[in-house]
Structure formats: C-alpha cells, structure tokens
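Trainee: Here you go, upload-v2.pdb (PDB, C-alpha atoms and all ligand atoms):
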```
ATOM      1  CA  MET A   1      41.255  13.882  15.258
ATOM      2  CA  LYS A   2      39.722  12.792  18.556
ATOM      3  CA  SER A   3      36.180  13.834  19.555
ATOM      4  CA  ILE A   4      35.852  17.053  21.522
ATOM      5  CA  LEU A   5      34.731  15.010  24.554
ATOM      6  CA  ASP A   6      37.875  12.824  24.394
ATOM      7  CA  ILE A   7      39.980  15.949  24.060
ATOM      8  CA  LYS A   8      38.325  17.580  27.082
ATOM      9  CA  GLU A   9      38.829  14.459  29.210
ATOM     10  CA  LYS A  10      42.490  14.178  28.258
ATOM     11  CA  LEU A  11      43.030  17.910  28.742
ATOM     12  CA  ILE A  12      41.628  18.042  32.266
ATOM     13  CA  ARG A  13      43.904  15.131  33.244
ATOM     14  CA  THR A  14      46.913  16.932  31.775
ATOM     15  CA  ILE A  15      46.536  20.507  32.997
ATOM     16  CA  GLY A  16      44.208  20.228  36.006
ATOM     17  CA  GLU A  17      40.772  21.623  36.725
ATOM     18  CA  LYS A  18      41.651  25.284  37.253
ATOM     19  CA  ARG A  19      43.461  25.666  33.937
ATOM     20  CA  PHE A  20      40.825  23.528  32.235
ATOM     21  CA  ILE A  21      38.108  25.979  33.352
ATOM     22  CA  HIS A  22      40.254  28.837  32.001
ATOM     23  CA  SER A  23      40.584  26.928  28.702
ATOM     24  CA  ILE A  24      36.800  26.530  28.437
ATOM     25  CA  GLY A  25      36.500  30.302  28.985
ATOM     26  CA  VAL A  26      39.037  30.977  26.227
ATOM     27  CA  MET A  27      37.237  28.499  23.956
ATOM     28  CA  GLU A  28      33.840  30.180  24.439
ATOM     29  CA  THR A  29      35.257  33.680  24.029
ATOM     30  CA  ALA A  30      37.183  32.606  20.920
ATOM     31  CA  VAL A  31      33.991  31.193  19.366
ATOM     32  CA  ASP A  32      32.136  34.474  20.064
ATOM     33  CA  LEU A  33      34.983  36.473  18.491
ATOM     34  CA  ALA A  34      35.100  34.074  15.529
ATOM     35  CA  LYS A  35      31.374  34.689  14.891
ATOM     36  CA  LYS A  36      31.937  38.431  15.064
ATOM     37  CA  TYR A  37      34.947  38.458  12.710
ATOM     38  CA  GLY A  38      33.894  35.721  10.253
ATOM     39  CA  VAL A  39      36.472  33.138  11.313
ATOM     40  CA  ASP A  40      35.886  29.359  11.280
ATOM     41  CA  GLU A  41      34.139  28.682  14.621
ATOM     42  CA  ASP A  42      35.309  25.063  14.857
ATOM     43  CA  LYS A  43      38.951  26.115  14.514
ATOM     44  CA  ALA A  44      38.457  28.841  17.138
ATOM     45  CA  ARG A  45      36.800  26.312  19.485
ATOM     46  CA  MET A  46      39.645  23.811  19.184
ATOM     47  CA  ALA A  47      42.443  26.390  19.359
ATOM     48  CA  GLY A  48      40.847  28.031  22.420
ATOM     49  CA  LEU A  49      40.331  24.711  24.170
ATOM     50  CA  LEU A  50      43.879  23.495  23.531
ATOM     51  CA  HIS A  51      45.864  26.752  23.737
ATOM     52  CA  ASP A  52      47.288  25.857  27.200
ATOM     53  CA  CYS A  53      47.523  22.079  26.637
ATOM     54  CA  ALA A  54      51.245  22.138  27.559
ATOM     55  CA  LYS A  55      50.983  24.497  30.512
ATOM     56  CA  TYR A  56      52.467  21.978  32.924
ATOM     57  CA  ARG A  57      53.176  23.247  36.415
ATOM     58  CA  ASP A  58      56.274  21.085  36.754
ATOM     59  CA  HIS A  59      59.097  22.861  34.893
ATOM     60  CA  LEU A  60      61.293  19.757  34.854
ATOM     61  CA  TYR A  61      58.525  17.844  33.093
ATOM     62  CA  LEU A  62      58.037  20.779  30.724
ATOM     63  CA  LEU A  63      61.724  20.692  29.746
ATOM     64  CA  LYS A  64      61.615  16.916  29.375
ATOM     65  CA  ARG A  65      58.758  17.275  26.894
ATOM     66  CA  VAL A  66      60.700  19.952  25.021
ATOM     67  CA  SER A  67      63.550  17.519  24.602
ATOM     68  CA  ASP A  68      61.168  14.604  23.762
ATOM     69  CA  PHE A  69      59.880  16.639  20.814
ATOM     70  CA  ASP A  70      63.274  18.140  19.859
ATOM     71  CA  ILE A  71      61.889  21.652  20.170
ATOM     72  CA  ILE A  72      64.483  24.384  19.734
ATOM     73  CA  LEU A  73      64.039  27.120  22.317
ATOM     74  CA  ASP A  74      65.457  30.593  21.921
ATOM     75  CA  ASP A  75      67.372  32.352  24.730
ATOM     76  CA  MET A  76      64.372  34.311  25.928
ATOM     77  CA  MET A  77      62.277  31.171  26.281
ATOM     78  CA  LEU A  78      65.044  29.465  28.203
ATOM     79  CA  GLN A  79      65.187  32.422  30.574
ATOM     80  CA  ASN A  80      61.406  32.728  30.945
ATOM     81  CA  LYS A  81      59.923  29.245  31.039
ATOM     82  CA  GLU A  82      56.377  30.670  31.055
ATOM     83  CA  LEU A  83      56.855  31.273  27.330
ATOM     84  CA  ILE A  84      57.640  27.656  26.468
ATOM     85  CA  HIS A  85      54.083  26.302  26.665
ATOM     86  CA  GLY A  86      53.143  28.043  23.384
ATOM     87  CA  PRO A  87      55.618  26.295  21.066
ATOM     88  CA  LEU A  88      55.438  23.103  23.114
ATOM     89  CA  GLY A  89      51.623  23.256  23.131
ATOM     90  CA  ALA A  90      51.516  23.365  19.332
ATOM     91  CA  LYS A  91      53.560  20.147  19.230
ATOM     92  CA  VAL A  92      51.554  18.444  21.981
ATOM     93  CA  ALA A  93      48.281  19.416  20.251
ATOM     94  CA  GLU A  94      49.556  17.900  17.019
ATOM     95  CA  ILE A  95      51.106  14.704  18.336
ATOM     96  CA  GLU A  96      48.952  13.901  21.357
ATOM     97  CA  PHE A  97      45.610  15.466  20.503
ATOM     98  CA  GLY A  98      45.743  14.685  16.784
ATOM     99  CA  ILE A  99      45.336  18.264  15.534
ATOM    100  CA  LYS A 100      46.636  18.612  11.989
ATOM    101  CA  ASP A 101      45.251  22.034  11.075
ATOM    102  CA  LYS A 102      48.168  24.465  10.662
ATOM    103  CA  GLU A 103      46.096  27.536  11.599
ATOM    104  CA  ILE A 104      45.009  25.987  14.899
ATOM    105  CA  LEU A 105      48.573  24.894  15.663
ATOM    106  CA  SER A 106      50.067  28.293  14.924
ATOM    107  CA  SER A 107      47.412  29.995  17.092
ATOM    108  CA  ILE A 108      48.536  27.784  19.966
ATOM    109  CA  TYR A 109      52.209  28.395  19.137
ATOM    110  CA  TYR A 110      51.923  32.212  19.221
ATOM    111  CA  HIS A 111      49.259  32.720  21.909
ATOM    112  CA  THR A 112      51.767  33.917  24.543
ATOM    113  CA  ILE A 113      54.444  35.691  22.542
ATOM    114  CA  GLY A 114      52.548  36.943  19.502
ATOM    115  CA  LYS A 115      54.266  37.888  16.250
ATOM    116  CA  GLU A 116      54.093  40.409  13.439
ATOM    117  CA  ASP A 117      51.202  40.144  10.990
ATOM    118  CA  MET A 118      49.141  37.606  12.935
ATOM    119  CA  SER A 119      46.251  35.748  11.276
ATOM    120  CA  LEU A 120      42.683  36.465  12.427
ATOM    121  CA  LEU A 121      42.584  33.179  14.334
ATOM    122  CA  GLU A 122      45.938  33.910  16.030
ATOM    123  CA  LYS A 123      44.639  37.338  17.097
ATOM    124  CA  ILE A 124      41.380  35.859  18.384
ATOM    125  CA  ILE A 125      43.128  33.283  20.567
ATOM    126  CA  TYR A 126      45.590  35.848  21.911
ATOM    127  CA  ILE A 127      42.755  38.224  22.893
ATOM    128  CA  ALA A 128      40.383  35.501  24.132
ATOM    129  CA  ASP A 129      43.144  34.382  26.520
ATOM    130  CA  PHE A 130      43.304  37.949  27.850
ATOM    131  CA  ILE A 131      39.561  38.614  28.282
ATOM    132  CA  GLU A 132      37.947  35.224  29.000
ATOM    133  CA  PRO A 133      35.253  35.339  31.738
ATOM    134  CA  GLY A 134      37.640  34.126  34.473
ATOM    135  CA  ARG A 135      39.906  37.196  34.096
ATOM    136  CA  THR A 136      39.290  39.782  36.800
ATOM    137  CA  PHE A 137      41.988  42.446  36.354
ATOM    138  CA  GLN A 138      41.064  46.114  36.563
ATOM    139  CA  GLY A 139      39.629  47.375  33.264
ATOM    140  CA  VAL A 140      38.826  43.915  31.892
ATOM    141  CA  ASP A 141      35.246  44.930  31.002
ATOM    142  CA  PHE A 142      36.549  47.672  28.733
ATOM    143  CA  HIS A 143      38.882  45.189  26.991
ATOM    144  CA  ARG A 144      35.988  42.702  26.612
ATOM    145  CA  GLU A 145      33.811  45.263  24.861
ATOM    146  CA  TYR A 146      36.616  46.701  22.755
ATOM    147  CA  ALA A 147      37.608  43.261  21.434
ATOM    148  CA  PHE A 148      34.233  43.065  19.686
ATOM    149  CA  LYS A 149      34.620  46.533  18.161
ATOM    150  CA  HIS A 150      38.214  46.706  16.964
ATOM    151  CA  LEU A 151      40.254  43.519  16.862
ATOM    152  CA  ASP A 152      43.651  45.077  16.062
ATOM    153  CA  GLY A 153      43.149  47.863  18.598
ATOM    154  CA  ALA A 154      42.210  45.328  21.269
ATOM    155  CA  LEU A 155      45.214  43.184  20.367
ATOM    156  CA  ARG A 156      47.528  46.170  20.690
ATOM    157  CA  LEU A 157      46.045  47.124  24.074
ATOM    158  CA  SER A 158      46.368  43.558  25.346
ATOM    159  CA  MET A 159      50.047  43.565  24.271
ATOM    160  CA  ASP A 160      50.521  46.951  25.985
ATOM    161  CA  ASN A 161      49.069  45.425  29.126
ATOM    162  CA  THR A 162      51.304  42.351  28.944
ATOM    163  CA  ILE A 163      54.423  44.439  28.317
ATOM    164  CA  LYS A 164      53.619  46.828  31.196
ATOM    165  CA  HIS A 165      53.058  43.858  33.481
ATOM    166  CA  LEU A 166      56.427  42.339  32.496
ATOM    167  CA  VAL A 167      58.189  45.691  33.035
ATOM    168  CA  ASP A 168      56.569  46.057  36.473
ATOM    169  CA  LYS A 169      57.732  42.568  37.401
ATOM    170  CA  GLY A 170      61.248  43.152  36.036
ATOM    171  CA  ARG A 171      60.838  40.254  33.617
ATOM    172  CA  LEU A 172      62.223  39.739  30.115
ATOM    173  CA  ILE A 173      60.041  40.715  27.172
ATOM    174  CA  HIS A 174      60.282  38.451  24.140
ATOM    175  CA  LEU A 175      61.432  40.354  21.044
ATOM    176  CA  ASN A 176      58.536  38.934  19.016
ATOM    177  CA  THR A 177      56.081  40.612  21.398
ATOM    178  CA  ILE A 178      57.816  43.961  20.844
ATOM    179  CA  LYS A 179      57.824  43.362  17.083
ATOM    180  CA  ALA A 180      54.146  42.371  17.145
ATOM    181  CA  ARG A 181      53.226  45.575  18.976
ATOM    182  CA  ASN A 182      55.406  47.753  16.696
ATOM    183  CA  TYR A 183      53.718  46.151  13.691
ATOM    184  CA  LEU A 184      50.239  46.961  15.056
ATOM    185  CA  ILE A 185      51.238  50.558  15.776
ATOM    186  CA  SER A 186      52.615  50.970  12.245
ATOM    187  CA  ILE A 187      49.294  49.645  10.868
ATOM    188  CA  GLU A 188      47.331  52.106  13.062
ATOM    189  CA  LYS A 189      49.558  54.918  11.838
ATOM    190  CA  SER A 190      49.174  54.011   8.174
ATOM    191  CA  GLU A 191      45.368  53.856   8.662
ATOM    192  CA  LEU A 192      45.409  57.346  10.224
ATOM    193  CA  ASP A 193      47.627  58.694   7.432
ATOM    194  CA  ALA A 194      45.458  57.206   4.656
TER     195      ALA A 194
HETATM  196 FE    FE A 201      48.995  30.239  27.803
HETATM  197 FE    FE A 202      45.702  30.704  28.703
END
```
Could I get this file's structure written as structure tokens?
Ligand SMILES: [Fe+2]
Ligand SMILES: [Fe+2]

Mentor:
Amino acid sequence: MKSILDIKEKLIRTIGEKRFIHSIGVMETAVDLAKKYGVDEDKARMAGLLHDCAKYRDHLYLLKRVSDFDIILDDMMLQNKELIHGPLGAKVAEIEFGIKDKEILSSIYYHTIGKEDMSLLEKIIYIADFIEPGRTFQGVDFHREYAFKHLDGALRLSMDNTIKHLVDKGRLIHLNTIKARNYLISIEKSELDA
C-alpha cells in the first residue's frame, strides 16, 4: 500500500480540489465515528479518504474505466451514472491505490447505494459522507449529533433523506437502498418489540 501522502497527492490529481476537500472531511468524520464505535481508525481513515476516488466528472471517462475493469453494472446504475462511482471506486482503490483490505473496499463499494446488514465500517463511511463538515443542508447539525448517539438510527435517517431527495428530483432509487432502509426499520421494530 502507498503512503497516505502519496495517496492524497494522487487523489487530488484524480478528483480535483473541491472533491478532495470533501474527502478529507469524510475521512476526519469517519475517524471520529470509528473512535466512538470501536472500529479500526486506520481503516476508517483510508475508506473515508478514498470513498470518492472514482467520482470523475467526465461520464465518458467513467464508463471507459468501467469497461477497463470489466465491472458489471446493473440497470439502475446504467440509468443513474451517479451510482457508478461506488463499485468503480472499490476497483480503483484496489488496483490504483493498492488497497487490499476487503472491509475498506466494500465500504467504498456501498457508500452511495448501501445494502442490507451493513458492517460498522460501511455504516460509518455512509454516514460520514452525509454529515462531513462541508455539508450545509438544513438540519445537518441534528444529523451530526445523532450519528454519535445512535449509529443505526442515523443511518436510517440519512437513507430517508437520500430517498426523499431522489423522489423530489424524480430520480430512480436503487433497490439496494430501499432494502437497506427496510432492513434498518425491521431491526428498529424488533428492538422495540423485545
Ligand atoms: Fe460518493
Ligand atoms: Fe462523498
């Protein structure tokens, strides 16, 4: 694996300064959440830093990379190219940034779409992306505080927010995001019933 400095230099060249600053915010938030929830801080740091490593602005280049790496995209990803940088990012992190750790790679893979029964690191990266210091949407302070009190609750609320946003914009919602949210609600319900 390359040094963190090498990775930062390569990353800023790849995704540009604005998204790099966002990535540093996600990295720092992910490390704070990792400390709170007893997750490996180094893995959280690397996953946060690299989560958007394939967020290329040029969609033609994005699709070229998908074909370079023989990545199979489902219909929803083909129709909403914003979703592609998760799966592609996991591959780019592995091949071009030398990341071999499966937990880091799967946190990058699922950071946009989510899935049922996410690992702690996957949850942390998903939420850190939503609440990092550069985010300014209404209510973000509540989400920032809540993330440090109830990880699953915060994850569910961040998925609610994403889904509402997609509905408002008339965009497709990936089935895995719906499944991830249903899973979290069924967990909440079983905790209430216990
Ligand atoms: Fe992303
Ligand atoms: Fe991001």

Trainee: Report as an MDAnalysis selection string all protein, DNA and RNA residues lying within 12 Å of Lys8 of chain A, evaluated on only C-alpha atoms, omitting residues in the same chain fewer than 4 positions from it.

Mentor: chainID A and resid 2:4 12:17 19:21 23:24 27 45:46 48:50 53 97

Trainee: Could you list, with a cut-off of 12 Å and counting all atoms listed in the file, the residues of chain A near ligand FE 201 (chain A), each shown with its nearest atom pair and the distance in Å rounded to one decimal, rows sorted by chain and ascending number, as a tab-separated table?

Mentor:
```
residue	atom	partner	partner_atom	distance
A:Ile15	CA	A:FE201	FE	11.3
A:Arg19	CA	A:FE201	FE	9.4
A:Phe20	CA	A:FE201	FE	11.5
A:His22	CA	A:FE201	FE	9.8
A:Ser23	CA	A:FE201	FE	9.1
A:Val26	CA	A:FE201	FE	10.1
A:Ala47	CA	A:FE201	FE	11.4
A:Gly48	CA	A:FE201	FE	10.0
A:Leu49	CA	A:FE201	FE	10.9
A:Leu50	CA	A:FE201	FE	9.5
A:His51	CA	A:FE201	FE	6.2
A:Asp52	CA	A:FE201	FE	4.7
A:Cys53	CA	A:FE201	FE	8.4
A:Ala54	CA	A:FE201	FE	8.4
A:Lys55	CA	A:FE201	FE	6.7
A:Tyr56	CA	A:FE201	FE	10.3
A:Arg57	CA	A:FE201	FE	11.9
A:Lys81	CA	A:FE201	FE	11.4
A:Glu82	CA	A:FE201	FE	8.1
A:Leu83	CA	A:FE201	FE	7.9
A:Ile84	CA	A:FE201	FE	9.1
A:His85	CA	A:FE201	FE	6.5
A:Gly86	CA	A:FE201	FE	6.4
A:Pro87	CA	A:FE201	FE	10.2
A:Leu88	CA	A:FE201	FE	10.7
A:Gly89	CA	A:FE201	FE	8.8
A:Ala90	CA	A:FE201	FE	11.2
A:Ser107	CA	A:FE201	FE	10.8
A:Ile108	CA	A:FE201	FE	8.2
A:Tyr109	CA	A:FE201	FE	9.4
A:Tyr110	CA	A:FE201	FE	9.3
A:His111	CA	A:FE201	FE	6.4
A:Thr112	CA	A:FE201	FE	5.6
A:Ile113	CA	A:FE201	FE	9.3
A:Gly114	CA	A:FE201	FE	11.2
A:Ile125	CA	A:FE201	FE	9.8
A:Tyr126	CA	A:FE201	FE	8.8
A:Ile127	CA	A:FE201	FE	11.3
A:Ala128	CA	A:FE201	FE	10.7
A:Asp129	CA	A:FE201	FE	7.3
A:Phe130	CA	A:FE201	FE	9.6
```

Trainee: As a PyMOL selection string, please: the residues near Glu116 of chain A (cut-off 7 Å, only C-alpha atoms, same-chain neighbours under 2 positions excluded).

Mentor: chain A and resi 118+179-180+183

Trainee: For this structure, which residues satisfy the selection - the PyMOL selection byres (((chain A and resi 148-152) around 9) and not hetatm) - when it is evaluated on the file as given? I want them as a short mmCIF file (atom, residue, chain, number, x, y, z; two decimals) with C-alpha atoms, in the coordinates of the input.

Mentor:
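After the write, selection.cif holds the following:
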```cif
data_model
loop_
_atom_site.label_atom_id
_atom_site.label_comp_id
_atom_site.auth_asym_id
_atom_site.auth_seq_id
_atom_site.Cartn_x
_atom_site.Cartn_y
_atom_site.Cartn_z
CA ASP A 32 32.14 34.47 20.06
CA LEU A 33 34.98 36.47 18.49
CA LYS A 36 31.94 38.43 15.06
CA TYR A 37 34.95 38.46 12.71
CA LEU A 120 42.68 36.47 12.43
CA LYS A 123 44.64 37.34 17.10
CA ILE A 124 41.38 35.86 18.38
CA ILE A 127 42.76 38.22 22.89
CA HIS A 143 38.88 45.19 26.99
CA ARG A 144 35.99 42.70 26.61
CA GLU A 145 33.81 45.26 24.86
CA TYR A 146 36.62 46.70 22.76
CA ALA A 147 37.61 43.26 21.43
CA GLY A 153 43.15 47.86 18.60
CA ALA A 154 42.21 45.33 21.27
CA LEU A 155 45.21 43.18 20.37
CA ARG A 156 47.53 46.17 20.69
CA LEU A 157 46.04 47.12 24.07
CA LEU A 184 50.24 46.96 15.06
CA ILE A 187 49.29 49.64 10.87
CA GLU A 188 47.33 52.11 13.06
#
```

Trainee: Could you tell me which of A:Leu73, A:Val92, A:Val140, A:Ile7 comes closest to Leu105 of chain A if we count all atoms listed in the file?

Mentor: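 Among the listed residues, the smallest separation from Leu105 of chain A belongs to A:Val92.
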
Trainee: Using all atoms listed in the file, which of the listed residues (A:Ile71, A:Ile131, A:Leu78, A:Leu62) sits closest to ligand FE 202 (chain A)?

Mentor: A:Ile131

Trainee: Which one is closest to ligand FE 202 (chain A): A:Arg65, A:Pro133, A:Leu172, A:Met77? Count only C-alpha atoms and all ligand atoms.

Mentor: A:Pro133

Trainee: In Å, with one decimal, what is the gap from atom CA of Glu41 of chain A to atom CA of Asp141 of chain A?

Mentor: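 About the pair atom CA of Glu41 of chain A and atom CA of Asp141 of chain A: they are 23.1 Å apart.
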
Trainee: Which residue out of A:Ala30, A:Ser186, A:Lys115, A:Asp68 has the minimum interatomic distance to ligand FE 202 (chain A) when all atoms listed in the file are used?

Mentor: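 Selected residue with least distance to ligand FE 202 (chain A): A:Ala30.
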
Trainee: Choose the residue, out of A:Ile104, A:Glu132, A:Asp75, A:Leu60, that has the smallest atom-to-atom separation from ligand FE 202 (chain A); count only C-alpha atoms and all ligand atoms.

Mentor: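 Smallest separation from ligand FE 202 (chain A) among the options: A:Glu132.
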
Trainee: Pick out the closest residue to His174 of chain A from this set: A:Val31, A:Thr162, A:Lys100, A:Ser106. Count only C-alpha atoms.

Mentor: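 For His174 of chain A, the nearest of the given residues is A:Thr162.
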
Trainee: Would you give the centre and edge lengths, in Å to one decimal, of a box along x, y and z around the listed atoms of segment 26-39 of chain A, with 4 Å added to each side, as AutoDock Vina command-line options?

Mentor:
```
--center_x 35.2 --center_y 33.5 --center_z 18.2 --size_x 15.7 --size_y 18.0 --size_z 24.0
```

Trainee: Would you compute the distance between atom CA of Arg135 of chain A and atom CA of Leu11 of chain A? Give it in Å to one decimal.

Mentor: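 If I compute the distance from atom CA of Arg135 of chain A to atom CA of Leu11 of chain A, I get 20.3 Å.
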
Trainee: Any idea what the distance is between atom CA of Arg181 of chain A and atom CA of Gln138 of chain A?

Mentor: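 Atom CA of Arg181 of chain A sits 21.4 Å away from atom CA of Gln138 of chain A.
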